[in-house]
>>> print(open('data.txt').read())   # compact mmCIF, C-alpha atoms
# COMPACT_ATOMS: atom_id res chain seq x y z
CA MET A 11 0.00 0.00 0.00
CA LYS A 12 2.77 2.34 1.03
CA HIS A 13 4.69 1.41 -2.15
CA GLN A 14 1.64 2.29 -4.24
CA THR A 15 1.29 5.67 -2.56
CA LYS A 16 4.94 6.51 -3.19
CA LEU A 17 4.63 5.44 -6.83
CA SER A 18 1.55 7.55 -7.22
CA GLN A 19 3.37 10.57 -5.77
CA GLU A 20 6.26 10.07 -8.14
CA GLN A 21 3.88 9.79 -11.09
CA GLN A 22 2.15 12.96 -10.03
CA GLN A 23 5.45 14.81 -9.72
CA GLN A 24 6.56 13.56 -13.13
CA HIS A 25 3.23 14.56 -14.64
CA ALA A 26 3.49 18.02 -13.09
CA ALA A 27 7.05 18.43 -14.37
CA GLU A 28 6.02 17.41 -17.89
CA HIS A 29 3.07 19.77 -17.78
CA GLN A 30 5.34 22.63 -16.70
CA THR A 31 7.82 21.83 -19.47
CA GLN A 32 5.04 21.82 -22.04
CA GLN A 33 3.76 25.16 -20.81
CA GLN A 34 7.21 26.74 -20.81
CA ALA A 35 8.30 25.38 -24.20
CA VAL A 36 9.47 28.30 -26.28
CA ARG A 37 7.65 28.65 -29.55
CA GLU A 38 9.27 30.67 -32.28
CA PHE A 39 7.65 32.47 -35.16
CA ALA A 40 9.69 33.78 -38.06
CA ASN A 41 7.62 36.95 -38.33
CA ALA A 42 4.35 38.60 -37.35
CA GLU A 43 2.33 36.98 -40.14
CA GLU A 44 3.38 33.49 -39.11
CA MET A 45 2.28 34.24 -35.57
CA LEU A 46 -1.03 35.67 -36.75
CA ARG A 47 -1.60 32.58 -38.94
CA TYR A 48 -1.09 30.35 -35.90
CA ASP A 49 -3.42 32.53 -33.84
CA ALA A 50 -6.08 32.50 -36.58
CA ALA A 51 -5.89 28.72 -36.92
CA HIS A 52 -6.56 28.41 -33.17
CA THR A 53 -9.44 30.88 -33.17
CA THR A 54 -12.93 29.38 -33.08
CA VAL A 55 -15.74 31.13 -34.90
CA PRO A 56 -18.65 31.47 -32.47
CA PRO A 57 -21.50 29.18 -33.67
CA GLY A 58 -23.97 31.91 -32.69
CA ILE A 59 -23.03 33.85 -35.84
CA ALA A 60 -24.36 31.12 -38.13
CA GLN A 61 -27.53 30.83 -36.07
CA ARG A 62 -28.11 34.59 -36.18
CA LEU A 63 -27.48 34.58 -39.91
CA GLN A 64 -30.01 31.81 -40.35
CA LYS A 65 -32.61 34.02 -38.67
CA SER A 66 -31.54 37.09 -40.63
CA THR A 67 -31.65 35.35 -44.00
CA GLY A 68 -34.41 32.81 -43.27
CA GLY A 69 -37.25 34.79 -44.81
CA ALA A 70 -35.32 35.44 -47.97
CA THR A 71 -34.46 31.88 -48.96
CA GLU A 72 -36.55 29.34 -47.04
CA PRO A 73 -34.48 26.37 -48.20
CA LYS A 74 -35.61 22.78 -47.56
CA THR A 75 -32.64 22.23 -45.25
CA SER A 76 -31.23 25.34 -43.65
CA TRP A 77 -27.62 26.08 -44.60
CA TRP A 78 -26.46 26.34 -41.02
CA LYS A 79 -27.95 22.92 -40.22
CA ARG A 80 -25.96 21.49 -43.11
CA LEU A 81 -22.88 23.16 -41.65
CA PHE A 82 -23.39 22.05 -38.08
CA GLY A 83 -25.01 18.69 -38.66
CA GLY A 84 -28.59 19.61 -37.90
CA THR A 85 -28.13 20.29 -34.20
CA ASN A 86 -30.52 22.69 -32.55
CA PRO A 87 -29.12 25.82 -30.92
CA MET B 19 -35.22 16.47 -58.18
CA GLU B 20 -34.39 19.93 -59.48
CA GLU B 21 -33.20 22.52 -56.99
CA SER B 22 -35.01 25.84 -56.81
CA PRO B 23 -33.09 29.15 -57.15
CA ALA B 24 -33.58 29.62 -53.40
CA ASP B 25 -31.92 26.27 -52.70
CA LEU B 26 -29.04 27.13 -55.00
CA ALA B 27 -28.60 30.54 -53.34
CA SER B 28 -28.66 28.88 -49.93
CA ALA B 29 -26.12 26.24 -50.94
CA GLU B 30 -23.82 28.90 -52.38
CA PHE B 31 -24.07 30.98 -49.22
CA SER B 32 -23.48 27.94 -47.03
CA SER B 33 -20.29 27.23 -48.93
CA LEU B 34 -19.27 30.89 -48.80
CA TYR B 35 -19.70 30.95 -45.03
CA ALA B 36 -17.95 27.63 -44.43
CA GLU B 37 -14.90 28.66 -46.43
CA ASN B 38 -14.53 32.25 -45.24
CA SER B 39 -16.10 32.72 -41.81
CA ARG B 40 -12.87 32.06 -39.90
CA ALA B 41 -10.88 34.55 -41.99
CA ILE B 42 -13.53 37.27 -41.65
CA TYR B 43 -14.12 36.66 -37.95
CA TYR B 44 -10.39 36.70 -37.23
CA LEU B 45 -9.92 39.98 -39.12
CA ALA B 46 -12.83 41.54 -37.23
CA LEU B 47 -11.62 40.15 -33.89
CA ARG B 48 -8.08 41.43 -34.18
CA PHE B 49 -9.01 44.66 -35.95
CA LEU B 50 -11.74 45.62 -33.48
CA GLY B 51 -10.20 43.92 -30.44
CA ASP B 52 -13.50 42.80 -28.95
CA PRO B 53 -15.04 39.30 -29.38
CA GLN B 54 -18.64 40.51 -29.12
CA LYS B 55 -18.12 43.34 -31.61
CA ALA B 56 -16.29 40.90 -33.89
CA GLU B 57 -19.23 38.51 -33.72
CA ASP B 58 -21.67 41.30 -34.58
CA ALA B 59 -19.43 42.55 -37.37
CA THR B 60 -19.02 39.07 -38.88
CA HIS B 61 -22.78 38.60 -38.85
CA ASP B 62 -23.30 41.97 -40.53
CA VAL B 63 -20.60 41.32 -43.15
CA PHE B 64 -22.11 37.99 -44.20
CA LEU B 65 -25.61 39.43 -44.17
CA LYS B 66 -24.44 42.18 -46.53
CA ALA B 67 -22.77 39.54 -48.68
CA PHE B 68 -25.94 37.46 -48.71
CA ARG B 69 -27.98 40.43 -49.88
CA LYS B 70 -25.43 41.44 -52.51
CA LEU B 71 -24.38 38.01 -53.70
CA ASP B 72 -26.16 38.50 -57.03
CA GLN B 73 -24.11 41.70 -57.54
CA PHE B 74 -20.80 39.89 -57.22
CA ARG B 75 -19.24 40.23 -60.66
CA GLY B 76 -16.36 37.83 -60.28
CA GLU B 77 -13.72 40.52 -60.91
CA ALA B 78 -12.10 39.60 -57.60
CA SER B 79 -12.13 36.38 -55.62
CA LEU B 80 -15.01 35.88 -53.23
CA ARG B 81 -12.53 36.03 -50.34
CA THR B 82 -11.27 39.43 -51.53
CA TRP B 83 -14.83 40.67 -52.03
CA LEU B 84 -15.75 39.62 -48.48
CA TYR B 85 -12.62 41.24 -47.08
CA ARG B 86 -13.57 44.50 -48.79
CA ILE B 87 -16.99 44.44 -47.15
CA ALA B 88 -15.41 43.53 -43.79
CA ILE B 89 -12.72 46.22 -43.95
CA ASN B 90 -15.25 48.93 -44.79
CA HIS B 91 -17.54 47.75 -42.02
CA CYS B 92 -14.79 47.54 -39.37
CA GLN B 93 -13.25 50.86 -40.39
CA ASN B 94 -16.65 52.54 -40.13
CA LEU B 95 -17.08 51.11 -36.64
CA ARG B 96 -13.63 52.24 -35.56
CA GLN B 97 -14.17 55.67 -37.09
CA ALA B 98 -17.33 56.06 -35.04
CA TRP B 99 -15.39 55.20 -31.85
CA HIS B 100 -12.57 57.56 -32.78
CA ASP B 101 -15.06 60.37 -33.33
CA ARG B 102 -16.55 59.71 -29.91
CA HIS B 103 -13.30 59.21 -28.00
CA MET B 104 -10.85 61.41 -29.95
CA PHE B 105 -8.41 58.51 -29.96
CA SER B 106 -5.37 58.83 -32.17
CA ASN B 107 -2.71 56.37 -33.24
CA ALA B 108 0.94 56.97 -32.65
CA ASP B 109 2.79 58.76 -35.39
CA ASP B 110 4.34 56.49 -38.01
CA ALA B 111 7.74 58.05 -37.29
CA VAL B 112 7.76 56.33 -33.91
CA TRP B 113 7.82 52.98 -35.68
CA GLU B 114 10.49 54.03 -38.14
CA ASN B 115 12.89 54.15 -35.19
CA ALA B 116 11.71 50.92 -33.59
CA ALA B 117 14.60 48.89 -32.25
CA ALA B 118 13.47 45.38 -33.17
CA LYS B 119 15.07 43.52 -36.04
CA THR B 120 12.64 42.11 -38.59
CA ASP B 121 14.72 38.98 -39.15
CA SER B 122 14.73 37.99 -35.46
CA PRO B 123 12.25 35.26 -34.55
CA LEU B 124 9.40 36.17 -32.24
CA ARG B 125 9.51 33.96 -29.15
CA VAL B 126 6.69 33.16 -26.79
CA LEU B 127 6.70 31.11 -23.62
CA GLU B 128 3.05 30.98 -22.77
CA ILE B 129 1.12 29.99 -25.86
CA LYS B 130 -2.18 30.26 -23.96
CA GLU B 131 -1.62 33.99 -23.54
CA LEU B 132 -0.58 34.50 -27.14
CA GLY B 133 -3.95 35.84 -28.27
CA GLN B 134 -4.02 38.52 -25.58
CA ARG B 135 -0.47 39.57 -26.34
CA ILE B 136 -1.13 39.71 -30.07
CA GLN B 137 -4.23 41.81 -29.43
CA LYS B 138 -2.32 44.21 -27.20
CA THR B 139 0.42 44.50 -29.81
CA LEU B 140 -1.93 45.07 -32.73
CA ALA B 141 -3.89 47.63 -30.72
CA GLY B 142 -0.72 49.69 -30.36
CA LEU B 143 -0.02 49.78 -34.09
CA PRO B 144 -1.33 52.31 -36.59
CA ASP B 145 -4.50 51.04 -38.33
CA GLU B 146 -2.66 50.78 -41.62
CA TYR B 147 -0.02 48.41 -40.22
CA ARG B 148 -2.55 46.36 -38.31
CA LEU B 149 -4.70 45.81 -41.40
CA LEU B 150 -1.72 45.08 -43.61
CA LEU B 151 -0.36 42.39 -41.28
CA LEU B 152 -3.76 40.75 -40.89
CA LEU B 153 -4.29 40.60 -44.65
CA VAL B 154 -0.78 39.40 -45.49
CA ALA B 155 -1.19 36.68 -42.85
CA ASP B 156 -3.94 35.18 -45.03
CA GLU B 157 -2.03 32.88 -47.34
CA GLU B 158 -4.90 32.88 -49.82
CA LEU B 159 -4.21 36.53 -50.66
CA SER B 160 -1.44 37.63 -53.00
CA TYR B 161 0.44 40.93 -52.57
CA GLU B 162 -1.59 42.20 -55.55
CA GLN B 163 -4.86 41.35 -53.80
CA VAL B 164 -3.69 42.87 -50.51
CA GLY B 165 -2.61 45.97 -52.43
CA ALA B 166 -6.02 46.25 -54.07
CA LEU B 167 -7.70 45.99 -50.67
CA VAL B 168 -5.59 48.68 -49.02
CA GLY B 169 -5.29 50.92 -52.11
CA GLN B 170 -1.54 50.42 -52.57
CA SER B 171 0.70 48.94 -55.24
CA PRO B 172 2.22 45.50 -54.53
CA ASP B 173 5.64 47.17 -54.15
CA ALA B 174 4.25 49.64 -51.63
CA VAL B 175 2.70 46.72 -49.75
CA ARG B 176 6.09 45.00 -49.53
CA GLY B 177 7.77 48.19 -48.28
CA LYS B 178 5.12 48.91 -45.67
CA LEU B 179 5.05 45.27 -44.61
CA HIS B 180 8.74 45.51 -43.70
CA ARG B 181 8.00 48.49 -41.44
CA ALA B 182 4.86 46.86 -40.04
CA ARG B 183 6.80 43.71 -39.10
CA LYS B 184 9.43 45.81 -37.39
CA ALA B 185 6.84 47.77 -35.46
CA PHE B 186 5.00 44.60 -34.45
CA ALA B 187 8.19 42.91 -33.25
CA ALA B 188 9.24 45.95 -31.20
CA LEU B 189 5.87 46.27 -29.54
CA PHE B 190 5.52 42.51 -29.03
CA GLU B 191 8.82 42.44 -27.13
CA LYS B 192 7.72 45.42 -25.10
CA ASN B 193 4.48 43.64 -24.17
CA ALA B 194 6.30 40.52 -22.89
>>> encode(input="data.txt", output="structure tokens")
Amino acid sequence: MKHQTKLSQEQQQQHAAEHQTQQQAVREFANAEEMLRYDAAHTTVPPGIAQRLQKSTGGATEPKTSWWKRLFGGTNP
Amino acid sequence: MEESPADLASAEFSSLYAENSRAIYYLALRFLGDPQKAEDATHDVFLKAFRKLDQFRGEASLRTWLYRIAINHCQNLRQAWHDRHMFSNADDAVWENAAAKTDSPLRVLEIKELGQRIQKTLAGLPDEYRLLLLLVADEELSYEQVGALVGQSPDAVRGKLHRARKAFAALFEKNA
């Protein structure tokens, strides 16, 4: 039991150390555009925009299957 | 079964949104610096595009056409704030003397805070530099297309981009 506890502590310490290393890893970007590209790729478009657009354009098109449902797999807001 | 014109218009718009919403939202987010305003602006830009889709003449790419609508919209919003708050950007000459080297890599330790630091850096740049960097960062746009969007020749874009990179790097280091 005691052995297990010690092992668990060591695993936790190792995990914490790895986590810290990951967080402190230096990332380099050659220039501003490269950094902005990375930032853009990790930016999520709020799904609320598509839903609002569906309402705003709904009267104009009235398609059989709404375009935002095709985009988001038919889930309700 | 034959699709109606409404179905075709909807399918075209769906495709337009799927392919370009990230680019337009990101431009609005980093140009306006506020997620809620960026969300509103992105909605408004695509709504305008939806209403004017039949006027698109194919002289530019759809991405460029959307960017033009987005830039006009965001600049109008910023102009309204400037008029209310009498805010002014730093003089370009400040950036001419910026100490950072453009060929030095930009280093970050905390990737989770990158967005905030980028936003703070962009907010300190003149509008012209901010817009130029955001457009050039889109790999789908050529220097010619960026030039057309900002009203500059491709050579002028390259020259200003050099200064914009330098200004960004200097301010980014300062914001560390």
>>> atom_distance(input="data.txt", atom1="CA of Arg40 in chain B", atom2="CA of Cys92 in chain B")
15.6 Å
>>> residues_around(input="data.txt", residues="Leu149 in chain B", least_positions_apart="6", cutoff="9 Å", atoms="all atoms listed in the file", output="list in words")
Leu45, Phe49, Ile89 and Val168 of chain B
>>> interface_residues(input="data.txt", of="chain B", to="chain A", cutoff="7 Å", atoms="only C-alpha atoms", output="number ranges by chain")
B: 24-25, 28-29, 32, 40, 43-44, 57, 61, 65, 123-128, 133, 151, 154-155, 183, 186
>>> atom_distance(input="data.txt", atom1="CA of Arg148 in chain B", atom2="CA of Glu131 in chain B")
19.3 Å
>>> closest_residue(input="data.txt", among="B:Leu150, B:Ala185, B:Ala67, B:Leu132", to="Ile87 in chain B", atoms="only C-alpha atoms")
B:Ala67
>>> atom_distance(input="data.txt", atom1="CA of Leu189 in chain B", atom2="CA of Leu143 in chain B")
8.2 Å
